[in-house]
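**Student:** Supplied structure: query.pdb, PDB, C-alpha atoms and all ligand atoms.
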```pdb
MODEL        1
ATOM      1  CA  MET A  32      10.976   2.884  26.514
ATOM      2  CA  LEU A  33      11.081  -0.815  27.384
ATOM      3  CA  ASN A  34      10.592  -3.091  24.382
ATOM      4  CA  ILE A  35       8.001  -5.423  25.845
ATOM      5  CA  ASP A  36       5.666  -7.923  24.201
ATOM      6  CA  LEU A  37       3.256  -9.783  26.443
ATOM      7  CA  HIS A  38       1.313 -12.006  24.055
ATOM      8  CA  CYS A  39       2.622 -14.593  21.605
ATOM      9  CA  HIS A  40       2.281 -18.247  20.669
ATOM     10  CA  SER A  41       4.699 -21.102  20.138
ATOM     11  CA  SER A  42       4.214 -24.505  18.513
ATOM     12  CA  ILE A  43       3.039 -25.723  21.917
ATOM     13  CA  SER A  44      -0.319 -24.209  20.897
ATOM     14  CA  ASP A  45      -1.022 -22.715  17.456
ATOM     15  CA  GLY A  46       2.188 -20.794  16.822
ATOM     16  CA  VAL A  47       4.651 -21.892  14.162
ATOM     17  CA  LEU A  48       7.966 -21.466  16.007
ATOM     18  CA  THR A  49       9.217 -23.591  18.877
ATOM     19  CA  PRO A  50       9.610 -21.759  22.207
ATOM     20  CA  THR A  51      13.367 -21.508  21.589
ATOM     21  CA  GLN A  52      12.944 -20.155  18.054
ATOM     22  CA  LEU A  53      10.385 -17.666  19.330
ATOM     23  CA  VAL A  54      12.700 -16.349  22.039
ATOM     24  CA  GLU A  55      15.588 -16.130  19.561
ATOM     25  CA  ARG A  56      13.434 -14.160  17.140
ATOM     26  CA  ALA A  57      12.301 -11.850  19.950
ATOM     27  CA  LYS A  58      15.913 -11.234  20.957
ATOM     28  CA  PHE A  59      16.928 -10.572  17.355
ATOM     29  CA  ARG A  60      14.104  -8.074  17.010
ATOM     30  CA  GLY A  61      15.060  -6.132  20.124
ATOM     31  CA  VAL A  62      12.505  -7.400  22.623
ATOM     32  CA  GLU A  63      13.717  -7.037  26.207
ATOM     33  CA  THR A  64      10.752  -8.616  27.997
ATOM     34  CA  LEU A  65       8.622 -11.310  26.382
ATOM     35  CA  ALA A  66       5.657 -13.274  27.730
ATOM     36  CA  LEU A  67       4.903 -16.618  26.122
ATOM     37  CA  THR A  68       1.107 -17.049  26.250
ATOM     38  CA  ASP A  69       0.140 -20.302  24.554
ATOM     39  CA  HIS A  70      -3.545 -21.190  24.401
ATOM     40  CA  ASP A  71      -4.570 -23.330  27.395
ATOM     41  CA  ASP A  72      -1.069 -24.737  27.848
ATOM     42  CA  ILE A  73       2.065 -23.865  29.769
ATOM     43  CA  ALA A  74       4.231 -26.724  28.520
ATOM     44  CA  GLY A  75       6.477 -24.362  26.529
ATOM     45  CA  LEU A  76       7.519 -22.200  29.444
ATOM     46  CA  ALA A  77      10.443 -24.270  30.722
ATOM     47  CA  GLU A  78      12.080 -24.367  27.280
ATOM     48  CA  ALA A  79      11.351 -20.659  26.742
ATOM     49  CA  GLN A  80      12.911 -19.786  30.122
ATOM     50  CA  LYS A  81      16.062 -21.643  29.218
ATOM     51  CA  ALA A  82      16.278 -19.930  25.819
ATOM     52  CA  ALA A  83      15.635 -16.563  27.470
ATOM     53  CA  LYS A  84      18.502 -17.162  29.868
ATOM     54  CA  ASP A  85      20.811 -18.139  27.011
ATOM     55  CA  ASN A  86      19.771 -15.063  25.014
ATOM     56  CA  HIS A  87      19.741 -12.613  27.953
ATOM     57  CA  ILE A  88      16.150 -11.557  27.683
ATOM     58  CA  GLU A  89      13.444 -11.622  30.325
ATOM     59  CA  LEU A  90      10.724 -14.226  29.874
ATOM     60  CA  ILE A  91       7.436 -13.802  31.710
ATOM     61  CA  ASN A  92       5.488 -17.001  32.326
ATOM     62  CA  GLY A  93       2.122 -16.595  30.635
ATOM     63  CA  VAL A  94      -0.914 -18.380  29.253
ATOM     64  CA  GLU A  95      -4.003 -17.448  27.207
ATOM     65  CA  ILE A  96      -7.057 -19.153  28.690
ATOM     66  CA  SER A  97     -10.195 -19.827  26.633
ATOM     67  CA  VAL A  98     -13.331 -18.766  28.505
ATOM     68  CA  SER A  99     -17.052 -18.942  27.796
ATOM     69  CA  TRP A 100     -18.967 -15.898  28.951
ATOM     70  CA  ARG A 101     -22.601 -15.195  28.097
ATOM     71  CA  GLY A 102     -22.447 -17.545  25.152
ATOM     72  CA  ARG A 103     -19.281 -16.025  23.718
ATOM     73  CA  THR A 104     -15.651 -17.072  23.761
ATOM     74  CA  LEU A 105     -13.247 -14.703  25.480
ATOM     75  CA  HIS A 106      -9.497 -14.996  25.922
ATOM     76  CA  ILE A 107      -7.995 -14.201  29.297
ATOM     77  CA  LEU A 108      -4.244 -13.814  29.554
ATOM     78  CA  GLY A 109      -2.490 -14.894  32.703
ATOM     79  CA  LEU A 110       0.810 -13.057  33.173
ATOM     80  CA  ALA A 111       3.545 -13.758  35.690
ATOM     81  CA  ILE A 112       1.841 -17.012  36.658
ATOM     82  CA  ASP A 113       3.374 -19.911  38.540
ATOM     83  CA  PRO A 114       3.286 -22.842  36.084
ATOM     84  CA  LYS A 115       3.418 -25.305  38.980
ATOM     85  CA  TYR A 116       0.199 -24.130  40.642
ATOM     86  CA  THR A 117      -1.985 -27.254  40.713
ATOM     87  CA  PRO A 118      -5.457 -25.731  40.101
ATOM     88  CA  LEU A 119      -4.056 -23.928  37.049
ATOM     89  CA  VAL A 120      -2.296 -27.049  35.771
ATOM     90  CA  GLU A 121      -5.439 -29.154  36.232
ATOM     91  CA  GLY A 122      -7.806 -26.519  34.830
ATOM     92  CA  LEU A 123      -5.727 -26.220  31.668
ATOM     93  CA  ALA A 124      -5.586 -30.011  31.298
ATOM     94  CA  THR A 125      -9.399 -30.089  31.320
ATOM     95  CA  LEU A 126      -9.523 -27.397  28.640
ATOM     96  CA  ARG A 127      -7.123 -29.336  26.434
ATOM     97  CA  ALA A 128      -9.215 -32.497  26.771
ATOM     98  CA  GLY A 129     -12.222 -30.439  25.671
ATOM     99  CA  ARG A 130     -10.257 -29.291  22.623
ATOM    100  CA  LEU A 131      -9.803 -32.876  21.554
ATOM    101  CA  SER A 132     -13.530 -33.624  21.629
ATOM    102  CA  ARG A 133     -14.276 -30.313  19.891
ATOM    103  CA  ALA A 134     -11.795 -31.215  17.144
ATOM    104  CA  GLU A 135     -13.661 -34.467  16.565
ATOM    105  CA  ARG A 136     -16.902 -32.489  16.241
ATOM    106  CA  ILE A 137     -15.298 -29.996  13.842
ATOM    107  CA  ALA A 138     -14.081 -32.881  11.677
ATOM    108  CA  ALA A 139     -17.595 -34.411  11.728
ATOM    109  CA  GLU A 140     -19.082 -31.072  10.592
ATOM    110  CA  LEU A 141     -16.542 -30.748   7.792
ATOM    111  CA  LYS A 142     -17.263 -34.313   6.701
ATOM    112  CA  LYS A 143     -20.920 -33.356   6.191
ATOM    113  CA  ILE A 144     -19.835 -30.927   3.480
ATOM    114  CA  GLY A 145     -17.530 -33.433   1.840
ATOM    115  CA  ILE A 146     -14.221 -32.586   3.505
ATOM    116  CA  HIS A 147     -12.849 -35.892   4.721
ATOM    117  CA  ASP A 148     -10.042 -36.809   7.115
ATOM    118  CA  SER A 149      -9.633 -33.277   8.413
ATOM    119  CA  LEU A 150      -8.848 -34.464  11.949
ATOM    120  CA  GLU A 151      -5.792 -36.360  10.708
ATOM    121  CA  GLY A 152      -5.022 -33.438   8.405
ATOM    122  CA  ALA A 153      -5.176 -30.919  11.242
ATOM    123  CA  TYR A 154      -3.040 -33.150  13.448
ATOM    124  CA  ALA A 155      -0.278 -33.004  10.873
ATOM    125  CA  TYR A 156       0.051 -29.306  11.805
ATOM    126  CA  VAL A 157      -0.012 -29.865  15.551
ATOM    127  CA  GLY A 158       3.306 -29.331  17.323
ATOM    128  CA  ASN A 159       2.168 -30.746  20.642
ATOM    129  CA  GLN A 160      -0.153 -33.741  20.545
ATOM    130  CA  GLY A 161      -1.884 -32.476  23.687
ATOM    131  CA  ILE A 162      -3.436 -29.465  22.047
ATOM    132  CA  ILE A 163      -5.423 -28.945  18.874
ATOM    133  CA  GLY A 164      -7.271 -25.850  17.695
ATOM    134  CA  ARG A 165      -9.017 -24.247  14.787
ATOM    135  CA  THR A 166      -5.748 -22.819  13.453
ATOM    136  CA  HIS A 167      -4.511 -26.366  12.797
ATOM    137  CA  PHE A 168      -7.671 -27.096  10.819
ATOM    138  CA  ALA A 169      -7.250 -23.782   9.018
ATOM    139  CA  ARG A 170      -3.681 -24.593   7.981
ATOM    140  CA  PHE A 171      -4.795 -27.973   6.663
ATOM    141  CA  LEU A 172      -7.809 -26.552   4.783
ATOM    142  CA  SER A 173      -5.714 -23.776   3.318
ATOM    143  CA  GLU A 174      -3.028 -26.223   2.221
ATOM    144  CA  GLN A 175      -5.747 -28.361   0.592
ATOM    145  CA  GLY A 176      -6.863 -25.325  -1.407
ATOM    146  CA  HIS A 177     -10.251 -24.800   0.267
ATOM    147  CA  ALA A 178      -9.443 -21.102   0.629
ATOM    148  CA  LYS A 179      -6.503 -18.911  -0.292
ATOM    149  CA  ASP A 180      -5.053 -18.504   3.189
ATOM    150  CA  VAL A 181      -5.638 -19.229   6.860
ATOM    151  CA  LYS A 182      -7.645 -16.048   7.398
ATOM    152  CA  SER A 183      -9.990 -16.862   4.525
ATOM    153  CA  VAL A 184     -10.464 -20.412   5.813
ATOM    154  CA  PHE A 185     -11.659 -19.010   9.125
ATOM    155  CA  LYS A 186     -14.165 -16.752   7.383
ATOM    156  CA  LYS A 187     -15.457 -19.474   5.125
ATOM    157  CA  TYR A 188     -15.490 -22.502   7.449
ATOM    158  CA  LEU A 189     -14.560 -22.013  11.058
ATOM    159  CA  VAL A 190     -16.517 -19.137  12.567
ATOM    160  CA  LYS A 191     -20.082 -19.062  13.902
ATOM    161  CA  GLY A 192     -22.616 -19.668  11.156
ATOM    162  CA  LYS A 193     -20.146 -21.508   8.896
ATOM    163  CA  PRO A 194     -20.177 -25.235   8.148
ATOM    164  CA  GLY A 195     -17.147 -26.289  10.212
ATOM    165  CA  TYR A 196     -18.138 -24.362  13.305
ATOM    166  CA  THR A 197     -19.231 -26.116  16.450
ATOM    167  CA  PRO A 198     -20.106 -24.464  19.755
ATOM    168  CA  HIS A 199     -17.950 -25.286  22.733
ATOM    169  CA  GLN A 200     -17.954 -24.770  26.486
ATOM    170  CA  TRP A 201     -14.648 -23.362  27.742
ATOM    171  CA  ALA A 202     -13.662 -22.328  31.284
ATOM    172  CA  GLU A 203     -15.811 -20.077  33.471
ATOM    173  CA  LEU A 204     -14.481 -16.526  33.712
ATOM    174  CA  SER A 205     -14.323 -16.809  37.503
ATOM    175  CA  ASP A 206     -12.319 -20.051  37.322
ATOM    176  CA  ALA A 207      -9.807 -18.646  34.834
ATOM    177  CA  ILE A 208      -9.231 -15.586  37.009
ATOM    178  CA  ASP A 209      -8.955 -17.728  40.157
ATOM    179  CA  TRP A 210      -6.380 -20.034  38.547
ATOM    180  CA  ILE A 211      -4.311 -17.059  37.428
ATOM    181  CA  ARG A 212      -4.569 -15.114  40.675
ATOM    182  CA  GLY A 213      -4.113 -18.181  42.812
ATOM    183  CA  SER A 214      -0.834 -18.825  41.025
ATOM    184  CA  GLY A 215       0.351 -15.309  41.834
ATOM    185  CA  GLY A 216      -0.314 -13.951  38.342
ATOM    186  CA  GLN A 217      -2.369 -11.174  36.836
ATOM    187  CA  ALA A 218      -5.442 -11.670  34.661
ATOM    188  CA  VAL A 219      -5.762  -9.534  31.538
ATOM    189  CA  ILE A 220      -8.620  -9.445  29.001
ATOM    190  CA  ALA A 221      -6.958 -10.199  25.654
ATOM    191  CA  HIS A 222      -7.869  -8.133  22.549
ATOM    192  CA  PRO A 223     -11.203  -6.781  23.899
ATOM    193  CA  GLY A 224     -11.997  -5.273  20.496
ATOM    194  CA  ARG A 225     -12.306  -8.747  18.970
ATOM    195  CA  TYR A 226     -15.458  -9.751  20.814
ATOM    196  CA  ASP A 227     -17.831  -7.370  19.127
ATOM    197  CA  LEU A 228     -19.624  -6.616  22.386
ATOM    198  CA  GLY A 229     -21.988  -3.663  22.494
ATOM    199  CA  LYS A 230     -21.084  -0.805  24.790
ATOM    200  CA  ASN A 231     -23.283  -2.004  27.668
ATOM    201  CA  VAL A 232     -22.169  -5.615  27.466
ATOM    202  CA  MET A 233     -18.523  -4.520  27.382
ATOM    203  CA  GLN A 234     -19.152  -2.442  30.488
ATOM    204  CA  ASP A 235     -20.785  -5.456  32.170
ATOM    205  CA  LEU A 236     -17.754  -7.552  31.283
ATOM    206  CA  LEU A 237     -15.321  -5.003  32.683
ATOM    207  CA  ASN A 238     -17.349  -4.660  35.891
ATOM    208  CA  GLU A 239     -17.577  -8.415  36.364
ATOM    209  CA  PHE A 240     -13.922  -8.957  35.457
ATOM    210  CA  ARG A 241     -12.804  -6.352  37.960
ATOM    211  CA  ALA A 242     -15.090  -7.646  40.707
ATOM    212  CA  LEU A 243     -13.646 -11.148  40.192
ATOM    213  CA  GLY A 244     -10.108  -9.857  40.647
ATOM    214  CA  GLY A 245      -9.121  -9.193  37.027
ATOM    215  CA  HIS A 246      -6.241  -6.824  36.675
ATOM    216  CA  GLY A 247      -5.678  -5.560  33.155
ATOM    217  CA  LEU A 248      -6.846  -4.866  29.641
ATOM    218  CA  GLU A 249      -4.811  -5.619  26.525
ATOM    219  CA  VAL A 250      -5.085  -2.246  24.852
ATOM    220  CA  ILE A 251      -2.273  -2.596  22.319
ATOM    221  CA  SER A 252      -3.117  -5.479  19.991
ATOM    222  CA  PRO A 253      -3.045  -6.103  16.247
ATOM    223  CA  SER A 254      -6.798  -6.701  16.557
ATOM    224  CA  HIS A 255      -7.350  -3.018  17.400
ATOM    225  CA  THR A 256      -7.673   0.088  15.275
ATOM    226  CA  LEU A 257      -6.235   3.322  16.644
ATOM    227  CA  GLU A 258      -9.765   4.314  17.706
ATOM    228  CA  GLN A 259     -10.106   1.071  19.642
ATOM    229  CA  VAL A 260      -6.731   1.605  21.290
ATOM    230  CA  ASN A 261      -7.907   4.996  22.532
ATOM    231  CA  PHE A 262     -11.315   3.646  23.487
ATOM    232  CA  TYR A 263      -9.934   0.806  25.605
ATOM    233  CA  ALA A 264      -7.216   2.997  27.101
ATOM    234  CA  GLN A 265      -9.954   5.321  28.285
ATOM    235  CA  HIS A 266     -11.899   2.412  29.780
ATOM    236  CA  ALA A 267      -8.782   1.099  31.500
ATOM    237  CA  ARG A 268      -8.135   4.479  33.092
ATOM    238  CA  ALA A 269     -11.774   4.890  34.138
ATOM    239  CA  MET A 270     -11.928   1.375  35.596
ATOM    240  CA  GLN A 271      -8.452   1.511  37.143
ATOM    241  CA  LEU A 272      -7.335  -1.463  35.127
ATOM    242  CA  ALA A 273      -3.703  -1.791  34.117
ATOM    243  CA  VAL A 274      -2.817  -1.841  30.436
ATOM    244  CA  SER A 275      -1.035  -4.577  28.517
ATOM    245  CA  CYS A 276       0.443  -4.820  25.053
ATOM    246  CA  GLY A 277       1.059  -7.836  22.849
ATOM    247  CA  SER A 278       1.726  -8.744  19.247
ATOM    248  CA  ASP A 279      -0.289 -12.009  19.411
ATOM    249  CA  PHE A 280       2.453 -13.295  17.121
ATOM    250  CA  HIS A 281       1.765 -16.769  15.695
ATOM    251  CA  GLY A 282       4.377 -17.015  12.951
ATOM    252  CA  PRO A 283       6.277 -15.034  10.346
ATOM    253  CA  ASN A 284       3.641 -15.365   7.622
ATOM    254  CA  GLU A 285       0.469 -15.333   9.661
ATOM    255  CA  SER A 286       0.806 -12.315  11.876
ATOM    256  CA  TYR A 287       0.013  -8.667  11.491
ATOM    257  CA  TYR A 288       2.527  -7.521  14.091
ATOM    258  CA  ASP A 289       5.909  -9.145  14.401
ATOM    259  CA  LEU A 290       7.615  -9.431  17.772
ATOM    260  CA  GLY A 291       9.171  -6.218  19.024
ATOM    261  CA  GLN A 292       7.330  -3.663  16.917
ATOM    262  CA  LEU A 293       4.481  -2.631  19.182
ATOM    263  CA  PRO A 294       3.402   0.976  19.620
ATOM    264  CA  ASN A 295       3.819   2.402  23.125
ATOM    265  CA  ILE A 296       0.920   2.176  25.511
ATOM    266  CA  PRO A 297      -1.124   5.397  25.670
ATOM    267  CA  ALA A 298      -0.194   8.126  28.124
ATOM    268  CA  GLU A 299      -1.578   8.087  31.648
ATOM    269  CA  CYS A 300      -2.230   4.357  31.580
ATOM    270  CA  THR A 301      -0.704   2.097  34.211
ATOM    271  CA  PRO A 302       1.414  -0.558  32.504
ATOM    272  CA  ILE A 303       0.636  -4.085  33.701
ATOM    273  CA  TRP A 304       4.331  -4.513  34.499
ATOM    274  CA  TYR A 305       4.534  -1.498  36.843
ATOM    275  CA  ASN A 306       5.063  -3.617  39.963
ATOM    276  CA  TRP A 307       6.968  -6.535  38.470
ATOM    277  CA  GLU A 308      10.237  -7.126  40.193
ATOM    278  CA  ASN A 309      12.740  -6.366  37.444
ATOM    279  CA  ASN A 310      10.845  -3.512  35.826
ATOM    280  CA  SER A 311       9.511  -1.450  38.713
TER     281      SER A 311
HETATM  282  P1  LIG B   1      -9.335 -21.936  18.983
HETATM  283  O1  LIG B   1      -8.854 -21.470  20.324
HETATM  284  O2  LIG B   1      -8.875 -23.315  18.648
HETATM  285  O3  LIG B   1     -10.822 -21.755  18.801
HETATM  286  O4  LIG B   1      -8.625 -21.024  17.906
HETATM  287  C1  LIG B   1      -8.529 -19.654  18.106
HETATM  288  C2  LIG B   1      -7.347 -19.150  17.317
HETATM  289  O5  LIG B   1      -7.669 -19.148  15.947
HETATM  290  C3  LIG B   1      -6.960 -17.713  17.636
HETATM  291  O6  LIG B   1      -6.076 -17.672  18.695
HETATM  292  C4  LIG B   1      -6.269 -17.303  16.366
HETATM  293  O7  LIG B   1      -4.944 -17.797  16.364
HETATM  294  C5  LIG B   1      -7.032 -18.052  15.306
HETATM  295  N1  LIG B   1      -8.099 -17.238  14.690
HETATM  296  C6  LIG B   1      -9.319 -16.952  15.184
HETATM  297  N2  LIG B   1     -10.037 -16.241  14.302
HETATM  298  C7  LIG B   1      -9.251 -16.048  13.251
HETATM  299  C8  LIG B   1      -9.399 -15.380  11.991
HETATM  300  N3  LIG B   1     -10.541 -14.764  11.674
HETATM  301  N4  LIG B   1      -8.356 -15.409  11.134
HETATM  302  C9  LIG B   1      -7.212 -16.046  11.449
HETATM  303  N5  LIG B   1      -7.005 -16.693  12.601
HETATM  304  C10 LIG B   1      -8.003 -16.692  13.484
HETATM  305 MN    MN B   2      -4.087 -18.546  18.285
HETATM  306 MN    MN B   3      -6.695 -14.671  21.520
HETATM  307 MN    MN B   4      -3.286 -15.118  21.267
ENDMDL
END
```
Write out the structure in this file as structure tokens.
**Tutor:**
Amino acid sequence: MLNIDLHCHSSISDGVLTPTQLVERAKFRGVETLALTDHDDIAGLAEAQKAAKDNHIELINGVEISVSWRGRTLHILGLAIDPKYTPLVEGLATLRAGRLSRAERIAAELKKIGIHDSLEGAYAYVGNQGIIGRTHFARFLSEQGHAKDVKSVFKKYLVKGKPGYTPHQWAELSDAIDWIRGSGGQAVIAHPGRYDLGKNVMQDLLNEFRALGGHGLEVISPSHTLEQVNFYAQHARAMQLAVSCGSDFHGPNESYYDLGQLPNIPAECTPIWYNWENNS
């Protein structure tokens, strides 16, 4: 079985390792095919490709695009994209600019509850000045002792209903899929089990996603229980969506799955990589 991991983050977004360190770790852990999927940014791909060449592993160009759909945030992975495709490049630049203004709003919310200078604090954890996210705030707040770890900071401060949360408008689902498809890539719904959608709403999402040209469902994810894996595998088969698998690795101490230790995709599912050049 191919050791393949199609979802992870470098310091270009909210991962801890540089693209080179990430590829080296993947190689060391036996990964044969890796996709780098930073949030709303593809600036790490050139470095990752070089490291992949040096380390003799296959690197798939990827991205994880933040989308607003029916008032919720969804993540759509783009796999095997062309990082030079202008609409994708420009769309992602707009999303990153939005992140900056959201970060200012998050800092303003935190200030209201007496947490000062969190924007500067979060920026100290940013690896790429062009992109800032909640994880950077979480690392700062955790370091400052506001909660015991990054996960607890999210629960206490950064999710809907908590004092540091602020709503935000991300990309349209149709735009994200168009950018990905237009660049020759495949759109995949990341960790569907994370969105807490009821059965009917999930079905609506899958129908809409498919009608818009979406291609796959990330069935294997650290966000999923075994029941969810089976549930989404069944949906993928029923909807003729391909299946993807990814560790969503962010760093050695923050991730549930490390690179290269994913379970196999369930039987009778079509792997998203079935028609990729080197793996067909
Ligand atoms: P953002 O795109 O800036 O809103 O941040 C989303 C990122 O925050 C995700 O990709 C995860 O890395 C992280 N995240 C979201 N929720 C949690 C959570 N409950 N615990 C830990 N990390 C989380
Ligand atoms: Mn993340
Ligand atoms: Mn995600
Ligand atoms: Mn991710």
**Student:** I need the residue set behind the PyMOL selection byres (((chain A and resi 48-60) around 10) and not hetatm) for this file; please write it as a tab-separated table (two decimals) with C-alpha atoms, keeping the file's coordinate frame.
**Tutor:**
```tsv
chain	number	residue	atom	x	y	z
A	34	ASN	CA	10.59	-3.09	24.38
A	35	ILE	CA	8.00	-5.42	25.84
A	36	ASP	CA	5.67	-7.92	24.20
A	39	CYS	CA	2.62	-14.59	21.60
A	40	HIS	CA	2.28	-18.25	20.67
A	41	SER	CA	4.70	-21.10	20.14
A	42	SER	CA	4.21	-24.50	18.51
A	43	ILE	CA	3.04	-25.72	21.92
A	44	SER	CA	-0.32	-24.21	20.90
A	45	ASP	CA	-1.02	-22.72	17.46
A	46	GLY	CA	2.19	-20.79	16.82
A	47	VAL	CA	4.65	-21.89	14.16
A	61	GLY	CA	15.06	-6.13	20.12
A	62	VAL	CA	12.50	-7.40	22.62
A	63	GLU	CA	13.72	-7.04	26.21
A	64	THR	CA	10.75	-8.62	28.00
A	65	LEU	CA	8.62	-11.31	26.38
A	66	ALA	CA	5.66	-13.27	27.73
A	67	LEU	CA	4.90	-16.62	26.12
A	69	ASP	CA	0.14	-20.30	24.55
A	74	ALA	CA	4.23	-26.72	28.52
A	75	GLY	CA	6.48	-24.36	26.53
A	76	LEU	CA	7.52	-22.20	29.44
A	77	ALA	CA	10.44	-24.27	30.72
A	78	GLU	CA	12.08	-24.37	27.28
A	79	ALA	CA	11.35	-20.66	26.74
A	80	GLN	CA	12.91	-19.79	30.12
A	81	LYS	CA	16.06	-21.64	29.22
A	82	ALA	CA	16.28	-19.93	25.82
A	83	ALA	CA	15.64	-16.56	27.47
A	84	LYS	CA	18.50	-17.16	29.87
A	85	ASP	CA	20.81	-18.14	27.01
A	86	ASN	CA	19.77	-15.06	25.01
A	87	HIS	CA	19.74	-12.61	27.95
A	88	ILE	CA	16.15	-11.56	27.68
A	89	GLU	CA	13.44	-11.62	30.32
A	90	LEU	CA	10.72	-14.23	29.87
A	158	GLY	CA	3.31	-29.33	17.32
A	280	PHE	CA	2.45	-13.30	17.12
A	281	HIS	CA	1.76	-16.77	15.70
A	282	GLY	CA	4.38	-17.02	12.95
A	283	PRO	CA	6.28	-15.03	10.35
A	289	ASP	CA	5.91	-9.14	14.40
A	290	LEU	CA	7.62	-9.43	17.77
A	291	GLY	CA	9.17	-6.22	19.02
A	292	GLN	CA	7.33	-3.66	16.92
```
**Student:** With all atoms listed in the file counted and 7 Å as the cut-off, give the residues of chain A in contact with ligand MN 4 (chain B), each with its shortest interatomic distance in Å and the pair that gives it, as JSON lines.
**Tutor:**
```
{"residue": "A:His38", "atom": "CA", "partner": "B:MN4", "partner_atom": "MN", "distance": 6.2}
{"residue": "A:Cys39", "atom": "CA", "partner": "B:MN4", "partner_atom": "MN", "distance": 5.9}
{"residue": "A:His40", "atom": "CA", "partner": "B:MN4", "partner_atom": "MN", "distance": 6.4}
{"residue": "A:Thr68", "atom": "CA", "partner": "B:MN4", "partner_atom": "MN", "distance": 6.9}
{"residue": "A:His70", "atom": "CA", "partner": "B:MN4", "partner_atom": "MN", "distance": 6.8}
{"residue": "A:Glu95", "atom": "CA", "partner": "B:MN4", "partner_atom": "MN", "distance": 6.4}
{"residue": "A:Asp279", "atom": "CA", "partner": "B:MN4", "partner_atom": "MN", "distance": 4.7}
```
**Student:** Select, from A:Trp201, A:Phe168, A:Tyr287, A:Phe262, the residue with the minimum atom-to-atom distance to Gly129 in chain A, counting all atoms listed in the file.
**Tutor:**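 Of A:Trp201, A:Phe168, A:Tyr287, A:Phe262, the one nearest Gly129 in chain A, counting all atoms listed in the file, is A:Trp201.
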**Student:** Using all atoms listed in the file, which protein or nucleic acid residues come within 9 Å of range 133-138 of chain A? Drop anything in the same chain fewer than 6 positions from it, and give the result as a short mmCIF file (atom, residue, chain, number, x, y, z; two decimals) with C-alpha atoms, in the frame of the given file.
**Tutor:**
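As a result, selection_35.cif now contains:
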```cif
data_model
loop_
_atom_site.label_atom_id
_atom_site.label_comp_id
_atom_site.auth_asym_id
_atom_site.auth_seq_id
_atom_site.Cartn_x
_atom_site.Cartn_y
_atom_site.Cartn_z
CA ILE A 146 -14.22 -32.59 3.50
CA HIS A 147 -12.85 -35.89 4.72
CA ASP A 148 -10.04 -36.81 7.12
CA SER A 149 -9.63 -33.28 8.41
CA LEU A 150 -8.85 -34.46 11.95
CA ALA A 153 -5.18 -30.92 11.24
CA ILE A 163 -5.42 -28.94 18.87
CA GLY A 164 -7.27 -25.85 17.70
CA ARG A 165 -9.02 -24.25 14.79
CA PHE A 168 -7.67 -27.10 10.82
CA LEU A 189 -14.56 -22.01 11.06
CA PRO A 194 -20.18 -25.24 8.15
CA GLY A 195 -17.15 -26.29 10.21
CA TYR A 196 -18.14 -24.36 13.30
CA THR A 197 -19.23 -26.12 16.45
CA PRO A 198 -20.11 -24.46 19.76
CA HIS A 199 -17.95 -25.29 22.73
#
```
**Student:** Could you list the residues chosen by the PyMOL selection byres (((chain A and resi 113) around 8) and not hetatm) in this structure as a PDB file with C-alpha atoms, in the coordinates of the input?
**Tutor:**
```
ATOM      1  CA  ASN A  92       5.488 -17.001  32.326  1.00  0.00           C
ATOM      2  CA  ALA A 111       3.545 -13.758  35.690  1.00  0.00           C
ATOM      3  CA  ILE A 112       1.841 -17.012  36.658  1.00  0.00           C
ATOM      4  CA  PRO A 114       3.286 -22.842  36.084  1.00  0.00           C
ATOM      5  CA  LYS A 115       3.418 -25.305  38.980  1.00  0.00           C
ATOM      6  CA  TYR A 116       0.199 -24.130  40.642  1.00  0.00           C
ATOM      7  CA  SER A 214      -0.834 -18.825  41.025  1.00  0.00           C
ATOM      8  CA  GLY A 215       0.351 -15.309  41.834  1.00  0.00           C
ATOM      9  CA  GLY A 216      -0.314 -13.951  38.342  1.00  0.00           C
TER      10      GLY A 216
END
```
**Student:** With distances taken over only C-alpha atoms, which of A:Leu108, A:Ile303, A:Ala178, A:Leu243 is nearest to Ala273 in chain A?
**Tutor:**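 Nearest to Ala273 in chain A: A:Ile303.
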**Student:** Tell me which protein, DNA and RNA residues are within 8 Å of range 206-212 of chain A, counting all atoms listed in the file, leaving out same-chain ones fewer than 5 positions away, and put them as JSON, numbers by chain.
**Tutor:** {"A": [96, 98, 107, 109, 110, 112, 118, 119, 122, 217, 218, 243, 244, 245]}
**Student:** Those same residues - C-alpha atoms - I'd like them written as a JSON list (two decimals), in the coordinates of the input.
**Tutor:**
```
[["chain", "number", "residue", "atom", "x", "y", "z"],
["A", 96, "ILE", "CA", -7.06, -19.15, 28.69],
["A", 98, "VAL", "CA", -13.33, -18.77, 28.50],
["A", 107, "ILE", "CA", -8.00, -14.20, 29.30],
["A", 109, "GLY", "CA", -2.49, -14.89, 32.70],
["A", 110, "LEU", "CA", 0.81, -13.06, 33.17],
["A", 112, "ILE", "CA", 1.84, -17.01, 36.66],
["A", 118, "PRO", "CA", -5.46, -25.73, 40.10],
["A", 119, "LEU", "CA", -4.06, -23.93, 37.05],
["A", 122, "GLY", "CA", -7.81, -26.52, 34.83],
["A", 217, "GLN", "CA", -2.37, -11.17, 36.84],
["A", 218, "ALA", "CA", -5.44, -11.67, 34.66],
["A", 243, "LEU", "CA", -13.65, -11.15, 40.19],
["A", 244, "GLY", "CA", -10.11, -9.86, 40.65],
["A", 245, "GLY", "CA", -9.12, -9.19, 37.03]]
```
**Student:** With the PyMOL selection byres (((chain A and resi 269) around 12) and not hetatm) as the selection, what would be picked from this file? Answer as a VMD selection string, please.
**Tutor:** chain A and resid 234 237 to 238 241 248 262 to 268 270 to 274 299 to 301
**Student:** Residues contacting ligand MN 3 (chain B) - anything with an atom at most 7 Å away, using all atoms listed in the file - can you give me those as an NGL selection string?
**Tutor:** :A and (95 or 106 or 221-222)
**Student:** With distances taken over all atoms listed in the file, which of A:Val181, A:Leu131, A:Ile251, A:Val260 is nearest to Leu293 in chain A?
**Tutor:**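 Nearest candidate to Leu293 in chain A out of A:Val181, A:Leu131, A:Ile251, A:Val260: A:Ile251.
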